[in-house]
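Below is one structure, written out as structure tokens, with a few remarks after it.
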Amino acid sequence: MQTELRIPSDLRFLAIVESWLLGSLQVELGTWTDWPKWENRLRLVLVESYSNVVRHAHRDQPELPVRLCLELQGETLMLEVWDSGQGFDLSTYLPPGPDQFQEGGYGWLILNRLMDKVEYQVKIQGKHNCLRLQANLPPDWGNGE
């Protein structure tokens, strides 16, 4: 299964983005016993990813579209979030320490904890940035168990 959504960079569209992702996956994974747990996990990943593009990459530019691509192949679930912002230099990222409170900087940490693989490429073909998120489903997901 593959599907794609292009949507404005505006948090007012967050419910539509969630509905697209979770509705698409519900069709494929809805009878799986662990689906409710995964649904909550993927909702958090999507909210964090989409809201970061809106608030940071496309700040105050709602006319710039965000492109979301979803693919489910066997036991691999892949979500790509494409933006046209300046890009984020991961070499400058410092994860928050357990003893310190900081206002931001938790998104990358959350994504890496909830997903099996997280990759970020800046300025692909000089134009777009892509956040690739991969989750490996257990082998029994298709049995409805």
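To be explicit about the labels: the chains of the structure tokens are called A, B, and onward in the order shown, and within each one the residues are counted from 1, while ligands get numbers from 1 in the order they are shown.
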Sorted by chain and rising residue number, list the residues of region 69-142 of chain A at most 10 Å from region 9-28 of chain A (counting only C-alpha atoms), each with its closest atom pair and distance in Å to one decimal, as CSV.
```
residue,atom,partner,partner_atom,distance
A:Cys69,CA,A:Leu21,CA,9.2
A:Leu70,CA,A:Leu21,CA,7.5
A:Glu71,CA,A:Leu25,CA,9.4
A:Leu72,CA,A:Leu25,CA,8.4
A:Leu77,CA,A:Leu25,CA,9.5
A:Leu79,CA,A:Leu21,CA,9.2
A:Asp83,CA,A:Ser9,CA,9.1
A:Trp141,CA,A:Glu28,CA,9.9
A:Gly142,CA,A:Glu28,CA,8.6
```
Output file for the selection above: C-alpha atoms, as a PDB file, in the first residue's frame:
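Okay, this is what ended up in selection.pdb:
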```
ATOM      1  CA  CYS A  69       4.218   9.765   1.759  1.00  0.00           C
ATOM      2  CA  LEU A  70       3.115   6.550   3.446  1.00  0.00           C
ATOM      3  CA  GLU A  71       4.109   3.058   2.419  1.00  0.00           C
ATOM      4  CA  LEU A  72       3.384  -0.310   3.972  1.00  0.00           C
ATOM      5  CA  LEU A  77       5.970   0.898   7.518  1.00  0.00           C
ATOM      6  CA  LEU A  79       6.521   7.611   6.434  1.00  0.00           C
ATOM      7  CA  ASP A  83       9.407  20.279   3.233  1.00  0.00           C
ATOM      8  CA  TRP A 141       0.647  -8.319  12.351  1.00  0.00           C
ATOM      9  CA  GLY A 142      -1.138  -9.668   9.268  1.00  0.00           C
TER      10      GLY A 142
END
```
For this session: Determine which residues of chain A DSSP labels as strand (DSSP E) from the backbone of this structure, then write them out as a PyMOL selection string.
Result: chain A and resi 2-8+65-73+76-83+117-124+128-136
Problem set entry | Polymer residues at most 7 Å from region 128-137 of chain A, only C-alpha atoms, same-chain spacing of 4 or more positions, as a ChimeraX atom specification | /A:75-84,87,115-124,141
Give the helix (DSSP H, G or I) residues of region 51-133 of chain A, as DSSP finds them on the backbone, and put them as an mmCIF file with N, CA and C atoms, in the first residue's frame.
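Listing of result_30.cif after writing:
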```cif
data_model
loop_
_atom_site.group_PDB
_atom_site.id
_atom_site.type_symbol
_atom_site.label_atom_id
_atom_site.label_comp_id
_atom_site.auth_asym_id
_atom_site.auth_seq_id
_atom_site.Cartn_x
_atom_site.Cartn_y
_atom_site.Cartn_z
ATOM 1 N N SER A 51 4.039 19.194 12.728
ATOM 2 C CA SER A 51 4.060 20.479 13.440
ATOM 3 C C SER A 51 5.444 21.125 13.393
ATOM 4 N N ASN A 52 6.506 20.325 13.366
ATOM 5 C CA ASN A 52 7.857 20.897 13.233
ATOM 6 C C ASN A 52 8.040 21.571 11.882
ATOM 7 N N VAL A 53 7.517 20.965 10.836
ATOM 8 C CA VAL A 53 7.605 21.593 9.515
ATOM 9 C C VAL A 53 6.845 22.922 9.530
ATOM 10 N N VAL A 54 5.633 22.891 10.060
ATOM 11 C CA VAL A 54 4.801 24.107 10.075
ATOM 12 C C VAL A 54 5.455 25.198 10.917
ATOM 13 N N ARG A 55 5.914 24.850 12.122
ATOM 14 C CA ARG A 55 6.435 25.852 13.060
ATOM 15 C C ARG A 55 7.864 26.298 12.760
ATOM 16 N N HIS A 56 8.655 25.437 12.123
ATOM 17 C CA HIS A 56 10.065 25.771 11.918
ATOM 18 C C HIS A 56 10.447 25.891 10.443
ATOM 19 N N ALA A 57 10.295 24.826 9.689
ATOM 20 C CA ALA A 57 10.745 24.827 8.293
ATOM 21 C C ALA A 57 9.969 25.812 7.429
ATOM 22 N N LEU A 90 21.690 18.648 11.801
ATOM 23 C CA LEU A 90 21.683 17.706 12.919
ATOM 24 C C LEU A 90 22.977 17.715 13.724
ATOM 25 N N SER A 91 24.061 18.189 13.126
ATOM 26 C CA SER A 91 25.330 18.218 13.868
ATOM 27 C C SER A 91 25.283 19.228 15.012
ATOM 28 N N THR A 92 24.305 20.134 14.986
ATOM 29 C CA THR A 92 24.175 21.127 16.060
ATOM 30 C C THR A 92 23.182 20.681 17.135
ATOM 31 N N GLY A 107 11.775 16.728 20.048
ATOM 32 C CA GLY A 107 11.192 16.055 18.889
ATOM 33 C C GLY A 107 12.064 14.969 18.306
ATOM 34 N N TRP A 108 13.321 15.283 18.078
ATOM 35 C CA TRP A 108 14.239 14.303 17.480
ATOM 36 C C TRP A 108 14.386 13.098 18.407
ATOM 37 N N LEU A 109 14.443 13.359 19.690
ATOM 38 C CA LEU A 109 14.545 12.300 20.693
ATOM 39 C C LEU A 109 13.301 11.411 20.663
ATOM 40 N N ILE A 110 12.125 12.030 20.620
ATOM 41 C CA ILE A 110 10.864 11.286 20.572
ATOM 42 C C ILE A 110 10.796 10.414 19.327
ATOM 43 N N LEU A 111 11.111 11.000 18.168
ATOM 44 C CA LEU A 111 11.049 10.241 16.917
ATOM 45 C C LEU A 111 11.973 9.029 16.949
ATOM 46 N N ASN A 112 13.163 9.212 17.468
ATOM 47 C CA ASN A 112 14.123 8.111 17.524
ATOM 48 C C ASN A 112 13.736 7.036 18.537
ATOM 49 N N ARG A 113 12.971 7.399 19.537
ATOM 50 C CA ARG A 113 12.509 6.413 20.519
ATOM 51 C C ARG A 113 11.318 5.610 19.994
ATOM 52 N N LEU A 114 10.464 6.259 19.202
ATOM 53 C CA LEU A 114 9.234 5.609 18.752
ATOM 54 C C LEU A 114 9.374 4.856 17.436
#
```
Region 39-135 of chain A near region 31-34 of chain A within 12 Å: what's each residue's closest atom pair and its distance in Å to one decimal, counting only C-alpha atoms, ordered by chain then ascending residue number, as CSV?
```
residue,atom,partner,partner_atom,distance
A:Glu39,CA,A:Asp34,CA,8.6
A:Asn40,CA,A:Asp34,CA,10.5
A:Arg41,CA,A:Asp34,CA,11.0
```
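For the atom pair formed by CA of Leu5 (chain A) and CA of Tyr50 (chain A), the distance is 11.9 Å, given to one decimal.
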